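J.: Have a look at this one.
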Amino acid sequence: MLASCKAALFLLCACILTVSFVCPGIKANAQSDEENSTNLRLYAQSAILMDAGSGRILYEKNGHEKKPMASTTKIMTCILTLECGNLEDEVEVSSYAAGMPKVKLGIRQGETYKLRDLLYSLMLESHNDSAVAIAEHIGGSTEGFAEMMNQKARDIGCFDTFFITPNGLDATAQNEEGEVRVHSTTAADLARIMSYCIMDSPKREEFLTITRTPAYQFSSNGRSFSCNNHNAFLGMMEGALSGKTGFTGNAGYCYVGALQRDGKTYVVALLACGWPNNKSYKWSDTKTLMNYGLENYEYCSLADMRIREEELNPIPVEEGQTQRIGGKVFAQVTIAGKKGKKEPEGLLLSEKERIEVKKELKESLTAPVNEGEEVGTISYMVGDDVYGVDYIVTKERIDAIDFKWCFTKILENYIICW
């Protein structure tokens with residue numbers, strides 16, 4: 001009897017099921033990638049159109065090439081300050097901050113300003129001296145603040161970005177190994193940073209309030225100041241949400257902007273979008289990309305695609321004591337909560353795209369099986385990219401057959417027979 005209780009172990013293997021879903025309102029298109037390819041006429045050397053909700057890149061032109069980004073840097077300076085600082089703080093101006101080149105507010109060494117006022121100066125007028133005063137206050141020095149900027153970039157998944165200055169002025173730095181680094185990013189990383197600022201940051205509402213303000217006035221040190229918003233895109237398209245311009249001799253004209261309309265949120269990032277006298281190129285490219293997104297993508301909710309718990313079959317368990325169904329032991333399974341990184345609620349898809357649901361479930365288990373043990377996943381994918389994952393886990397524990405259990409069963413059978 002005991003020998004029969006000790007059955008041989010079975011190897012675990014995966015049972016994989018892949019199902020494709022097309023969102024309501026989006027027709028499937030079987031054309032080749034070559035037939036579906038779109039080449040927009042853009043001035044920018046690097047450009048990205050991103051779905052801000054999911055981080056999906058919807059259109060790309062050299063989107064992963066590293067380039068200087070000028071004052072678009074200041075969106076990171078702003079969001080980091082909002083998250084780490086107190087807007088009522090008094091900021092004392094150093095000689096280094098006061099000595100920044102134009103464009104500048106004109107702050108003077110020894111003066112004090114409210115952090116809130118300096119942020120409006122930073123984002124509306126793009127003042128370089130305000131950026132340094134803010135960085136020194138939050139980070140202790142511009143170098144300390146740059147370390148915070150670079151860490152924040154890594155935290156949100158931007159690994160091709162390197163910050164040296166808080167204002168975006170062209171700069172290089174040498175590390176301990178003698179490697180020379182340039183103040184730079186990619187259009188993809190810049191779009192990702194803006195998406196974080198408007199979608200995921202705990203200070204996103206404050207960020208939007210500042211960057212959407214048409215004009216701001218304040219007084220300090222016996223002087224009055226007026227700041228006007230130079231983000232002309234805010235008045236160019238319905239739903240324009242936020243943005244930041246930039247220019248240096250090395251970077252050329254740069255821009256990052258966001259738009260929200262009909263439940264869709266887009267971010268456009270442009271690097272090296274012309275040099276003087278081509279200041280308007282960035283607005284043309286931004287509108288081209290935004291209109292492309294609005295015309296070619298529809299929102300698809302991941303919730304509509306999710307597999308329900310009742311669609312999951314129980315899994316056979318070898319050498320298990322309980323939960324017998326049809327003469328075999330089965331583990332009942334359920335769908336657990338999400339793990340780790342935040343998942344989008346839905347995706348923007350074009351006609352040629354579809355969400356694939358891929359279920360991977362272990363074909364069998366061997367006792368003991370713990371409650372909550374992960375036995376499979378359900379992935380929601382577009383192409384090779386995974387945008388959502390459900391985890392399949394066991395509902396309860398199943399102990400392994402042992403001597404005590406066998407003895408109890410023998411005793412129970414003996415008593416029944418007797």
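Quick note on naming: the chains in the structure tokens go A, B, ... in the order shown, residues restart at 1 in each chain, and ligands are numbered from 1 in order of appearance.
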Mind the document's chain letters and residue numbers, and return as a list of chain:residue names the residues of region 213-396 of chain A that DSSP labels helix (DSSP H, G or I).
T.: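 So the helix (DSSP H, G or I) residues in region 213-396 of chain A would be A:Ala232, A:Phe233, A:Leu234, A:Gly235, A:Tyr281, A:Lys282, A:Trp283, A:Ser284, A:Asp285, A:Thr286, A:Lys287, A:Thr288, A:Leu289, A:Met290, A:Asn291, A:Tyr292, A:Gly293, A:Leu294, A:Glu295, A:Asn296, A:Leu302, A:Ala303, A:Asp304, A:Glu309, A:Glu310, A:Glu311.
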J.: For the strand (DSSP E or B) assignment from backbone DSSP, which residues of region 26-172 of chain A qualify? Please present them as a CSV table (one decimal) with N, CA and C atoms, in the first residue's frame.
T.:
chain,number,residue,atom,x,y,z
A,46,SER,N,15.5,63.7,-35.4
A,46,SER,CA,15.0,62.6,-34.5
A,46,SER,C,13.6,62.9,-34.1
A,47,ALA,N,12.7,62.0,-34.1
A,47,ALA,CA,11.3,62.3,-33.8
A,47,ALA,C,10.6,61.0,-33.2
A,48,ILE,N,9.7,61.2,-32.3
A,48,ILE,CA,8.9,60.1,-31.7
A,48,ILE,C,7.5,60.6,-31.5
A,49,LEU,N,6.5,59.7,-31.8
A,49,LEU,CA,5.2,59.9,-31.4
A,49,LEU,C,4.9,58.7,-30.5
A,50,MET,N,4.4,59.0,-29.2
A,50,MET,CA,4.3,58.0,-28.2
A,50,MET,C,2.8,58.0,-27.6
A,51,ASP,N,2.3,56.8,-27.4
A,51,ASP,CA,1.1,56.7,-26.6
A,51,ASP,C,1.5,56.9,-25.1
A,57,ILE,N,5.7,53.3,-28.7
A,57,ILE,CA,6.1,54.2,-29.7
A,57,ILE,C,5.3,53.9,-31.0
A,58,LEU,N,4.5,54.9,-31.4
A,58,LEU,CA,3.6,54.7,-32.5
A,58,LEU,C,4.2,55.2,-33.9
A,59,TYR,N,5.2,56.1,-33.8
A,59,TYR,CA,5.9,56.5,-35.0
A,59,TYR,C,7.3,56.9,-34.5
A,60,GLU,N,8.3,56.6,-35.4
A,60,GLU,CA,9.7,56.8,-35.0
A,60,GLU,C,10.5,57.2,-36.2
A,61,LYS,N,11.3,58.3,-36.0
A,61,LYS,CA,12.4,58.6,-37.0
A,61,LYS,C,13.7,58.8,-36.2
A,67,LYS,N,21.2,62.7,-28.8
A,67,LYS,CA,21.5,64.1,-29.2
A,67,LYS,C,21.3,65.0,-28.0
A,90,GLU,N,12.3,79.3,0.5
A,90,GLU,CA,13.0,80.5,0.0
A,90,GLU,C,14.3,80.0,-0.5
A,91,VAL,N,14.6,80.3,-1.7
A,91,VAL,CA,15.8,79.9,-2.4
A,91,VAL,C,16.8,81.1,-2.5
A,92,GLU,N,18.0,80.9,-2.0
A,92,GLU,CA,19.0,82.0,-2.0
A,92,GLU,C,19.9,81.8,-3.3
A,112,THR,N,16.8,86.3,-2.4
A,112,THR,CA,16.0,85.1,-2.2
A,112,THR,C,14.7,85.1,-2.9
A,113,TYR,N,14.3,84.0,-3.4
A,113,TYR,CA,13.0,83.8,-4.2
A,113,TYR,C,12.3,82.6,-3.7
A,114,LYS,N,11.0,82.6,-3.8
A,114,LYS,CA,10.2,81.5,-3.6
A,114,LYS,C,10.4,80.4,-4.7
A,162,PHE,N,21.6,61.3,-20.4
A,162,PHE,CA,22.7,61.7,-19.4
A,162,PHE,C,22.6,63.2,-19.2
A,172,THR,N,29.7,68.9,-21.4
A,172,THR,CA,30.3,67.6,-21.4
A,172,THR,C,30.9,67.4,-20.0
J.: Show me, as a list in words, the residues that have an atom within 9 Å of Leu365 (chain A) when counting only C-alpha atoms, minus same-chain residues fewer than 2 positions from it.
T.: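 What passes the distance filter is Phe10, Leu11, Leu12, Ile315, Pro316, Val317, Glu318, Phe330, Ala331, Lys362, Glu363, Ala367, Pro368, Val369 and Val375 of chain A.
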J.: Please provide the set of residues having any atom within 9 Å of region 166-168 of chain A, restricted to only C-alpha atoms, with same-chain residues fewer than 3 positions apart removed, written as a PyMOL selection string.
T.: chain A and resi 68-74+76-77+122+126-132+134-135+142+145-146+149+163+171+183-184+246-248
J.: Rounded to one decimal, what separation in Å do you get between CA of Ala251 (chain A) and CA of Ala187 (chain A)?
T.: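 Between CA of Ala251 (chain A) and CA of Ala187 (chain A) the gap is 12.2 Å.
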J.: Nearest to Arg308 (chain A) among A:Ser364, A:Ser224, A:Ser284, A:Thr334, with distances taken over only C-alpha atoms: which residue is it?
T.: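 Nearest candidate to Arg308 (chain A) out of A:Ser364, A:Ser224, A:Ser284, A:Thr334: A:Thr334.
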J.: Which residues are close to region 200-206 of chain A, i.e. within 9 Å by only C-alpha atoms, leaving aside same-chain residues fewer than 2 positions away? Reply as a PyMOL selection string.
T.: chain A and resi 53+79+82-83+195-198+208-211
J.: Keeping only N, CA and C atoms, take the residues you just selected and write them out as a compact mmCIF listing (two decimals), in the first residue's frame.
T.:
# COMPACT_ATOMS: atom_id res chain seq x y z
N GLY A 53 -0.12 56.77 -22.40
CA GLY A 53 -0.68 55.86 -21.41
C GLY A 53 0.09 54.56 -21.28
N ILE A 79 9.85 68.44 -12.77
CA ILE A 79 9.15 67.35 -12.08
C ILE A 79 9.92 66.87 -10.88
N LEU A 82 9.31 69.41 -8.11
CA LEU A 82 7.96 69.26 -7.56
C LEU A 82 7.88 68.07 -6.62
N GLU A 83 8.57 66.98 -6.96
CA GLU A 83 8.51 65.76 -6.15
C GLU A 83 9.39 65.84 -4.90
N SER A 195 5.89 61.71 -20.74
CA SER A 195 4.77 60.83 -20.40
C SER A 195 4.69 60.62 -18.89
N TYR A 196 5.85 60.43 -18.27
CA TYR A 196 5.89 60.28 -16.81
C TYR A 196 5.37 61.55 -16.14
N CYS A 197 5.80 62.70 -16.62
CA CYS A 197 5.41 63.97 -16.00
C CYS A 197 3.90 64.17 -16.01
N ILE A 198 3.23 63.79 -17.08
CA ILE A 198 1.80 64.08 -17.22
C ILE A 198 0.89 62.92 -16.86
N LEU A 208 1.23 70.06 -14.75
CA LEU A 208 0.33 70.55 -15.79
C LEU A 208 -0.12 71.97 -15.50
N THR A 209 -0.39 72.28 -14.24
CA THR A 209 -0.81 73.64 -13.88
C THR A 209 0.25 74.66 -14.27
N ILE A 210 1.50 74.36 -13.94
CA ILE A 210 2.58 75.30 -14.26
C ILE A 210 2.77 75.42 -15.77
N THR A 211 2.87 74.31 -16.46
CA THR A 211 3.22 74.35 -17.89
C THR A 211 2.08 74.83 -18.77
J.: Would you compute the distance between CA of Lys104 (chain A) and CA of Gly257 (chain A)? Give it in Å to one decimal.
T.: 22.5 Å
